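J.: This one is start.pdb, PDB, C-alpha atoms, pLDDT in the B column.
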```
ATOM      1  CA  MET A  72       7.084   1.076  -8.753  1.00 57.00           C
ATOM      2  CA  PHE A  73       4.223   3.474  -8.125  1.00 64.00           C
ATOM      3  CA  VAL A  74       2.277   5.492 -10.699  1.00 75.00           C
ATOM      4  CA  PHE A  75      -0.387   7.918  -9.468  1.00 71.00           C
ATOM      5  CA  ARG A  76      -2.564  10.139 -11.671  1.00 78.00           C
ATOM      6  CA  THR A  77      -5.126  12.705 -10.629  1.00 77.00           C
ATOM      7  CA  GLY A  78      -8.004  13.866 -12.791  1.00 73.00           C
ATOM      8  CA  LYS A  79     -11.161  15.973 -12.897  1.00 72.00           C
ATOM      9  CA  HIS A  80     -13.450  13.026 -12.195  1.00 75.00           C
ATOM     10  CA  GLY A  81     -11.163  10.576 -10.438  1.00 81.00           C
ATOM     11  CA  ASP A  82      -7.732   9.328  -9.416  1.00 82.00           C
ATOM     12  CA  ARG A  83      -5.828   6.249 -10.558  1.00 80.00           C
ATOM     13  CA  ALA A  84      -2.908   4.282  -9.065  1.00 78.00           C
ATOM     14  CA  VAL A  85      -0.817   1.451 -10.509  1.00 82.00           C
ATOM     15  CA  LEU A  86       1.282  -0.356  -7.914  1.00 79.00           C
ATOM     16  CA  ASN A  87       4.015  -2.941  -7.682  1.00 83.00           C
ATOM     17  CA  ALA A  88       4.324  -4.019  -4.024  1.00 83.00           C
ATOM     18  CA  CYS A  89       3.771  -0.521  -2.629  1.00 84.00           C
ATOM     19  CA  THR A  90       3.591   0.336   1.064  1.00 91.00           C
ATOM     20  CA  GLY A  91       3.009   3.962   2.011  1.00 91.00           C
ATOM     21  CA  TRP A  92       0.595   6.808   1.448  1.00 91.00           C
ATOM     22  CA  VAL A  93      -0.044   9.795  -0.770  1.00 90.00           C
ATOM     23  CA  ARG A  94      -2.214  12.839  -0.075  1.00 90.00           C
ATOM     24  CA  HIS A  95      -3.288  15.599  -2.396  1.00 88.00           C
ATOM     25  CA  VAL A  96      -5.510  18.648  -2.171  1.00 88.00           C
ATOM     26  CA  GLY A  97      -8.618  18.773  -4.293  1.00 81.00           C
ATOM     27  CA  ARG A  98     -11.565  21.000  -4.958  1.00 82.00           C
ATOM     28  CA  PHE A  99     -14.851  20.113  -6.567  1.00 86.00           C
ATOM     29  CA  ARG A 100     -16.091  22.354  -9.347  1.00 85.00           C
ATOM     30  CA  GLU A 101     -19.654  22.452  -8.063  1.00 91.00           C
ATOM     31  CA  SER A 102     -21.376  22.029  -4.718  1.00 95.00           C
ATOM     32  CA  GLY A 103     -23.698  19.064  -4.411  1.00 96.00           C
ATOM     33  CA  ILE A 104     -23.969  15.414  -3.518  1.00 96.00           C
ATOM     34  CA  TYR A 105     -21.222  13.306  -5.059  1.00 94.00           C
ATOM     35  CA  GLU A 106     -21.103   9.536  -5.329  1.00 95.00           C
ATOM     36  CA  PHE A 107     -17.637   8.053  -4.899  1.00 94.00           C
ATOM     37  CA  ARG A 108     -16.668   4.587  -6.156  1.00 94.00           C
ATOM     38  CA  PHE A 109     -13.402   2.840  -5.282  1.00 93.00           C
ATOM     39  CA  ASP A 110     -12.433   0.081  -7.732  1.00 91.00           C
ATOM     40  CA  SER A 111      -9.514  -2.031  -6.575  1.00 91.00           C
ATOM     41  CA  GLN A 112      -8.020  -4.804  -8.656  1.00 91.00           C
ATOM     42  CA  LEU A 113      -5.237  -5.866  -6.319  1.00 93.00           C
ATOM     43  CA  SER A 114      -3.495  -9.222  -6.501  1.00 93.00           C
ATOM     44  CA  ASN A 115      -1.816  -8.628  -3.111  1.00 92.00           C
ATOM     45  CA  GLY A 116      -2.124  -6.327  -0.129  1.00 94.00           C
ATOM     46  CA  GLU A 117      -4.646  -3.673   0.742  1.00 94.00           C
ATOM     47  CA  ALA A 118      -5.477  -0.131  -0.324  1.00 94.00           C
ATOM     48  CA  GLU A 119      -7.929   2.434   0.977  1.00 95.00           C
ATOM     49  CA  VAL A 120      -8.890   6.031   0.296  1.00 94.00           C
ATOM     50  CA  LEU A 121      -9.982   8.603   2.836  1.00 97.00           C
ATOM     51  CA  LEU A 122     -11.683  11.879   1.986  1.00 96.00           C
ATOM     52  CA  LEU A 123     -10.812  14.587   4.523  1.00 97.00           C
ATOM     53  CA  ASP A 124     -12.200  18.081   4.992  1.00 96.00           C
ATOM     54  CA  ALA A 125     -10.111  21.281   5.199  1.00 94.00           C
ATOM     55  CA  ARG A 126      -9.392  20.587   8.903  1.00 95.00           C
ATOM     56  CA  LYS A 127      -8.234  17.066   7.916  1.00 95.00           C
ATOM     57  CA  GLN A 128     -11.204  15.400   9.618  1.00 97.00           C
ATOM     58  CA  GLU A 129     -12.297  12.124   8.011  1.00 97.00           C
ATOM     59  CA  LEU A 130     -15.527  12.398   6.016  1.00 98.00           C
ATOM     60  CA  LEU A 131     -15.486   9.153   4.031  1.00 97.00           C
ATOM     61  CA  ARG A 132     -13.391   5.943   3.979  1.00 98.00           C
ATOM     62  CA  MET A 133     -13.430   3.457   1.100  1.00 97.00           C
ATOM     63  CA  ASN A 134     -11.707   0.085   0.638  1.00 96.00           C
ATOM     64  CA  ARG A 135     -12.487  -3.412  -0.710  1.00 94.00           C
ATOM     65  CA  LEU A 136     -15.120  -3.993   1.968  1.00 95.00           C
ATOM     66  CA  LYS A 137     -16.793  -0.608   1.521  1.00 97.00           C
ATOM     67  CA  PRO A 138     -16.153   0.437  -2.101  1.00 97.00           C
ATOM     68  CA  ALA A 139     -18.700   3.262  -2.405  1.00 97.00           C
ATOM     69  CA  GLY A 140     -20.114   6.222  -0.557  1.00 97.00           C
ATOM     70  CA  THR A 141     -21.905   9.515  -1.048  1.00 97.00           C
ATOM     71  CA  LEU A 142     -21.070  12.895   0.378  1.00 95.00           C
ATOM     72  CA  GLU A 143     -22.321  16.448   0.056  1.00 96.00           C
ATOM     73  CA  VAL A 144     -19.431  18.743  -0.836  1.00 95.00           C
ATOM     74  CA  ASP A 145     -19.041  22.502  -0.996  1.00 95.00           C
ATOM     75  CA  GLY A 146     -17.521  23.742  -4.245  1.00 91.00           C
ATOM     76  CA  LYS A 147     -15.719  26.544  -2.387  1.00 93.00           C
ATOM     77  CA  SER A 148     -14.055  24.300   0.208  1.00 95.00           C
ATOM     78  CA  ARG A 149     -10.770  22.438   0.059  1.00 94.00           C
ATOM     79  CA  TYR A 150     -10.661  18.660   0.502  1.00 96.00           C
ATOM     80  CA  TYR A 151      -7.852  16.132   0.836  1.00 95.00           C
ATOM     81  CA  LEU A 152      -7.713  12.693  -0.738  1.00 92.00           C
ATOM     82  CA  TYR A 153      -5.494  10.418   1.333  1.00 93.00           C
ATOM     83  CA  TRP A 154      -4.491   7.066  -0.212  1.00 92.00           C
ATOM     84  CA  VAL A 155      -2.979   4.336   1.996  1.00 94.00           C
ATOM     85  CA  PHE A 156      -1.236   1.249   0.554  1.00 93.00           C
ATOM     86  CA  LYS A 157      -0.114  -1.854   2.486  1.00 94.00           C
ATOM     87  CA  SER A 158       2.006  -4.199   0.345  1.00 93.00           C
ATOM     88  CA  ALA A 159      -0.394  -3.448  -2.512  1.00 92.00           C
ATOM     89  CA  THR A 160       0.165  -4.853  -5.991  1.00 92.00           C
ATOM     90  CA  GLY A 161      -2.219  -4.131  -8.867  1.00 92.00           C
ATOM     91  CA  ARG A 162      -4.482  -1.242  -9.861  1.00 90.00           C
ATOM     92  CA  CYS A 163      -7.030   0.883  -8.064  1.00 92.00           C
ATOM     93  CA  GLU A 164      -9.181   3.827  -9.087  1.00 90.00           C
ATOM     94  CA  LEU A 165     -11.447   6.320  -7.390  1.00 91.00           C
ATOM     95  CA  HIS A 166     -14.278   7.832  -9.466  1.00 90.00           C
ATOM     96  CA  TRP A 167     -16.791  10.553  -8.646  1.00 90.00           C
TER
END
```
Re-express the file's structure as structure tokens.
T.:
Amino acid sequence: MFVFRTGKHGDRAVLNACTGWVRHVGRFRESGIYEFRFDSQLSNGEAEVLLLDARKQELLRMNRLKPAGTLEVDGKSRYYLYWVFKSATGRCELHW
């Protein structure tokens, strides 16, 4: 089972032994410096989130070992959030 929700100020995933990935396009309402925080409450496996620019170049990577980061974004540009799950069970959230 896999439940994924996107929102204005974050994304949320609830997993039951999930292996795979999901990517979605996002835009930020305003330009500026954003602080991202990845909260993972996994009982098994691993999960990570990558923030990619419009050319799909990695800008930021977050996981259990590096749960936070800051990035200056352009409100007119397109970004991709790419979630990767490896036998992940539990919950994880990304807030900005």
J.: Between CA of Phe99 in chain A and CA of Arg162 in chain A, what is the distance in Å, rounded to a tenth?
T.: 24.0 Å
J.: Return the single residue from A:Lys137, A:Leu131, A:His95, A:Gly78 that is closest to Phe109 in chain A, with distances computed using all atoms listed in the file.
T.: A:Lys137
J.: Looking at A:Tyr151, A:Phe156, A:Phe75, A:Trp167, which one is nearest to Leu130 in chain A, with distances taken over all atoms listed in the file?
T.: A:Tyr151
J.: May I have the centre and edge lengths, in Å to one decimal, of an axis-aligned box around the listed atoms of range 151-160 of chain A with 8 Å added to every side, as JSON?
T.:
```
{"center_x": -2.9, "center_y": 5.6, "center_z": -1.8, "size_x": 25.9, "size_y": 37.0, "size_z": 24.5}
```
J.: Could you tell me which residues the PyMOL selection byres ((chain A and resi 87) around 6) returns for this structure, as a PyMOL selection string?
T.: chain A and resi 72+86+88-89+160
J.: If you count only C-alpha atoms, which residues fall within 7 Å of Val155 in chain A, apart from same-chain ones fewer than 6 positions away, as a PyMOL selection string?
T.: chain A and resi 91-93+118-120
J.: With distances taken over only C-alpha atoms, which of A:Thr90, A:Arg98, A:Ser111, A:Arg76 is nearest to Gly161 in chain A?
T.: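 Smallest distance to Gly161 in chain A is found for A:Ser111.
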J.: Rounded to one decimal, what separation in Å do you get between CA of Leu136 in chain A and CA of Arg108 in chain A?
T.: 11.9 Å
J.: Could you tell me how far CA of Asn134 in chain A sits from CA of Asp82 in chain A, in Å to one decimal place?
T.: 14.2 Å
J.: Taking only C-alpha atoms into account, name the residue in A:Arg94, A:Arg126, A:Arg100, A:Lys157 that is nearest to His80 in chain A.
T.: A:Arg100
J.: Can you give me, as a PyMOL selection string, the residues this file yields under the PyMOL selection byres ((chain A and resi 142) around 6)?
T.: chain A and resi 104-105+141+143
J.: Nearest to Val144 in chain A among A:Glu129, A:Leu113, A:Ser102, A:Val85, with distances taken over only C-alpha atoms: which residue is it?
T.: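 Closest residue, counting only C-alpha atoms: A:Ser102.
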J.: Near Glu101 in chain A, counting all atoms listed in the file, which residues have an atom at most 9 Å away, once you skip same-chain residues fewer than 5 positions from it, shown as a list in words?
T.: Val144, Asp145, Gly146 and Lys147 of chain A
J.: Take the residues that were just selected and, keeping C-alpha atoms, output them as a PDB file, keeping the file's coordinate frame.
T.:
```
ATOM      1  CA  VAL A 144     -19.431  18.743  -0.836  1.00 95.00           C
ATOM      2  CA  ASP A 145     -19.041  22.502  -0.996  1.00 95.00           C
ATOM      3  CA  GLY A 146     -17.521  23.742  -4.245  1.00 91.00           C
ATOM      4  CA  LYS A 147     -15.719  26.544  -2.387  1.00 93.00           C
TER       5      LYS A 147
END
```
J.: Could you check the closest approach to Ala139 in chain A for each of A:Leu122, A:Leu152, A:Glu106, A:Ser114 and tell me which residue wins, using only C-alpha atoms?
T.: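 Using only C-alpha atoms, Ala139 in chain A sits closest to A:Glu106.
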J.: Where atoms are missing, can you supply all heavy atoms for range 122-133 of chain A and output the lot as a compact mmCIF listing (two decimals), in the coordinates of the input?
T.:
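Saved to out-v9.txt:
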```
# COMPACT_ATOMS: atom_id res chain seq x y z
N LEU A 122 -11.37 10.51 2.40
CA LEU A 122 -11.68 11.88 1.99
C LEU A 122 -11.75 12.70 3.27
O LEU A 122 -12.52 12.38 4.18
CB LEU A 122 -13.00 11.94 1.22
CG LEU A 122 -13.37 13.30 0.67
CD1 LEU A 122 -12.36 13.76 -0.38
CD2 LEU A 122 -14.75 13.28 0.06
N LEU A 123 -10.91 13.75 3.34
CA LEU A 123 -10.81 14.59 4.52
C LEU A 123 -11.27 16.00 4.20
O LEU A 123 -11.12 16.46 3.07
CB LEU A 123 -9.36 14.63 5.01
CG LEU A 123 -8.64 13.30 5.17
CD1 LEU A 123 -7.17 13.54 5.49
CD2 LEU A 123 -9.28 12.44 6.23
N ASP A 124 -11.80 16.69 5.20
CA ASP A 124 -12.20 18.08 4.99
C ASP A 124 -11.00 19.00 5.17
O ASP A 124 -9.86 18.54 5.35
CB ASP A 124 -13.36 18.47 5.92
CG ASP A 124 -13.00 18.44 7.39
OD1 ASP A 124 -11.81 18.32 7.74
OD2 ASP A 124 -13.94 18.55 8.22
N ALA A 125 -11.20 20.30 5.13
CA ALA A 125 -10.11 21.28 5.20
C ALA A 125 -9.36 21.20 6.53
O ALA A 125 -8.19 21.53 6.60
CB ALA A 125 -10.65 22.69 4.98
N ARG A 126 -10.04 20.74 7.59
CA ARG A 126 -9.39 20.59 8.90
C ARG A 126 -8.79 19.20 9.08
O ARG A 126 -8.39 18.83 10.16
CB ARG A 126 -10.40 20.87 10.02
CG ARG A 126 -10.77 22.35 10.06
CD ARG A 126 -11.90 22.59 11.02
NE ARG A 126 -13.11 22.14 10.33
CZ ARG A 126 -14.21 21.72 10.92
NH1 ARG A 126 -14.29 21.68 12.22
NH2 ARG A 126 -15.25 21.33 10.22
N LYS A 127 -8.78 18.42 7.98
CA LYS A 127 -8.23 17.07 7.92
C LYS A 127 -9.00 16.09 8.81
O LYS A 127 -8.44 15.15 9.35
CB LYS A 127 -6.75 17.07 8.22
CG LYS A 127 -5.98 17.89 7.20
CD LYS A 127 -4.52 17.89 7.45
CE LYS A 127 -3.86 18.81 6.44
NZ LYS A 127 -2.58 19.27 6.84
N GLN A 128 -10.30 16.32 8.92
CA GLN A 128 -11.20 15.40 9.62
C GLN A 128 -11.77 14.42 8.60
O GLN A 128 -12.17 14.83 7.51
CB GLN A 128 -12.35 16.17 10.29
CG GLN A 128 -11.89 17.19 11.30
CD GLN A 128 -11.25 16.54 12.51
OE1 GLN A 128 -11.76 15.55 13.04
NE2 GLN A 128 -10.11 17.07 12.93
N GLU A 129 -11.81 13.15 8.94
CA GLU A 129 -12.30 12.12 8.01
C GLU A 129 -13.78 12.28 7.73
O GLU A 129 -14.60 12.36 8.65
CB GLU A 129 -12.03 10.74 8.59
CG GLU A 129 -12.41 9.62 7.67
CD GLU A 129 -12.09 8.25 8.25
OE1 GLU A 129 -11.01 8.08 8.83
OE2 GLU A 129 -12.96 7.37 8.12
N LEU A 130 -14.13 12.31 6.45
CA LEU A 130 -15.53 12.40 6.02
C LEU A 130 -16.01 11.08 5.43
O LEU A 130 -17.18 10.72 5.57
CB LEU A 130 -15.68 13.50 4.96
CG LEU A 130 -15.29 14.91 5.39
CD1 LEU A 130 -15.33 15.85 4.19
CD2 LEU A 130 -16.20 15.39 6.49
N LEU A 131 -15.12 10.37 4.74
CA LEU A 131 -15.49 9.15 4.03
C LEU A 131 -14.27 8.25 3.91
O LEU A 131 -13.17 8.74 3.66
CB LEU A 131 -16.02 9.52 2.64
CG LEU A 131 -16.64 8.45 1.78
CD1 LEU A 131 -17.88 7.87 2.42
CD2 LEU A 131 -17.01 9.05 0.42
N ARG A 132 -14.46 6.93 4.12
CA ARG A 132 -13.39 5.94 3.98
C ARG A 132 -13.88 4.83 3.06
O ARG A 132 -14.97 4.30 3.26
CB ARG A 132 -13.03 5.36 5.34
CG ARG A 132 -11.96 4.29 5.30
CD ARG A 132 -11.71 3.72 6.69
NE ARG A 132 -11.24 4.73 7.61
CZ ARG A 132 -9.99 4.81 8.05
NH1 ARG A 132 -9.09 3.93 7.64
NH2 ARG A 132 -9.64 5.76 8.88
N MET A 133 -13.06 4.51 2.05
CA MET A 133 -13.43 3.46 1.10
C MET A 133 -12.29 2.45 0.96
O MET A 133 -11.12 2.83 0.95
CB MET A 133 -13.76 4.06 -0.25
CG MET A 133 -15.05 4.86 -0.24
SD MET A 133 -15.19 5.95 -1.65
CE MET A 133 -14.01 7.20 -1.22
```
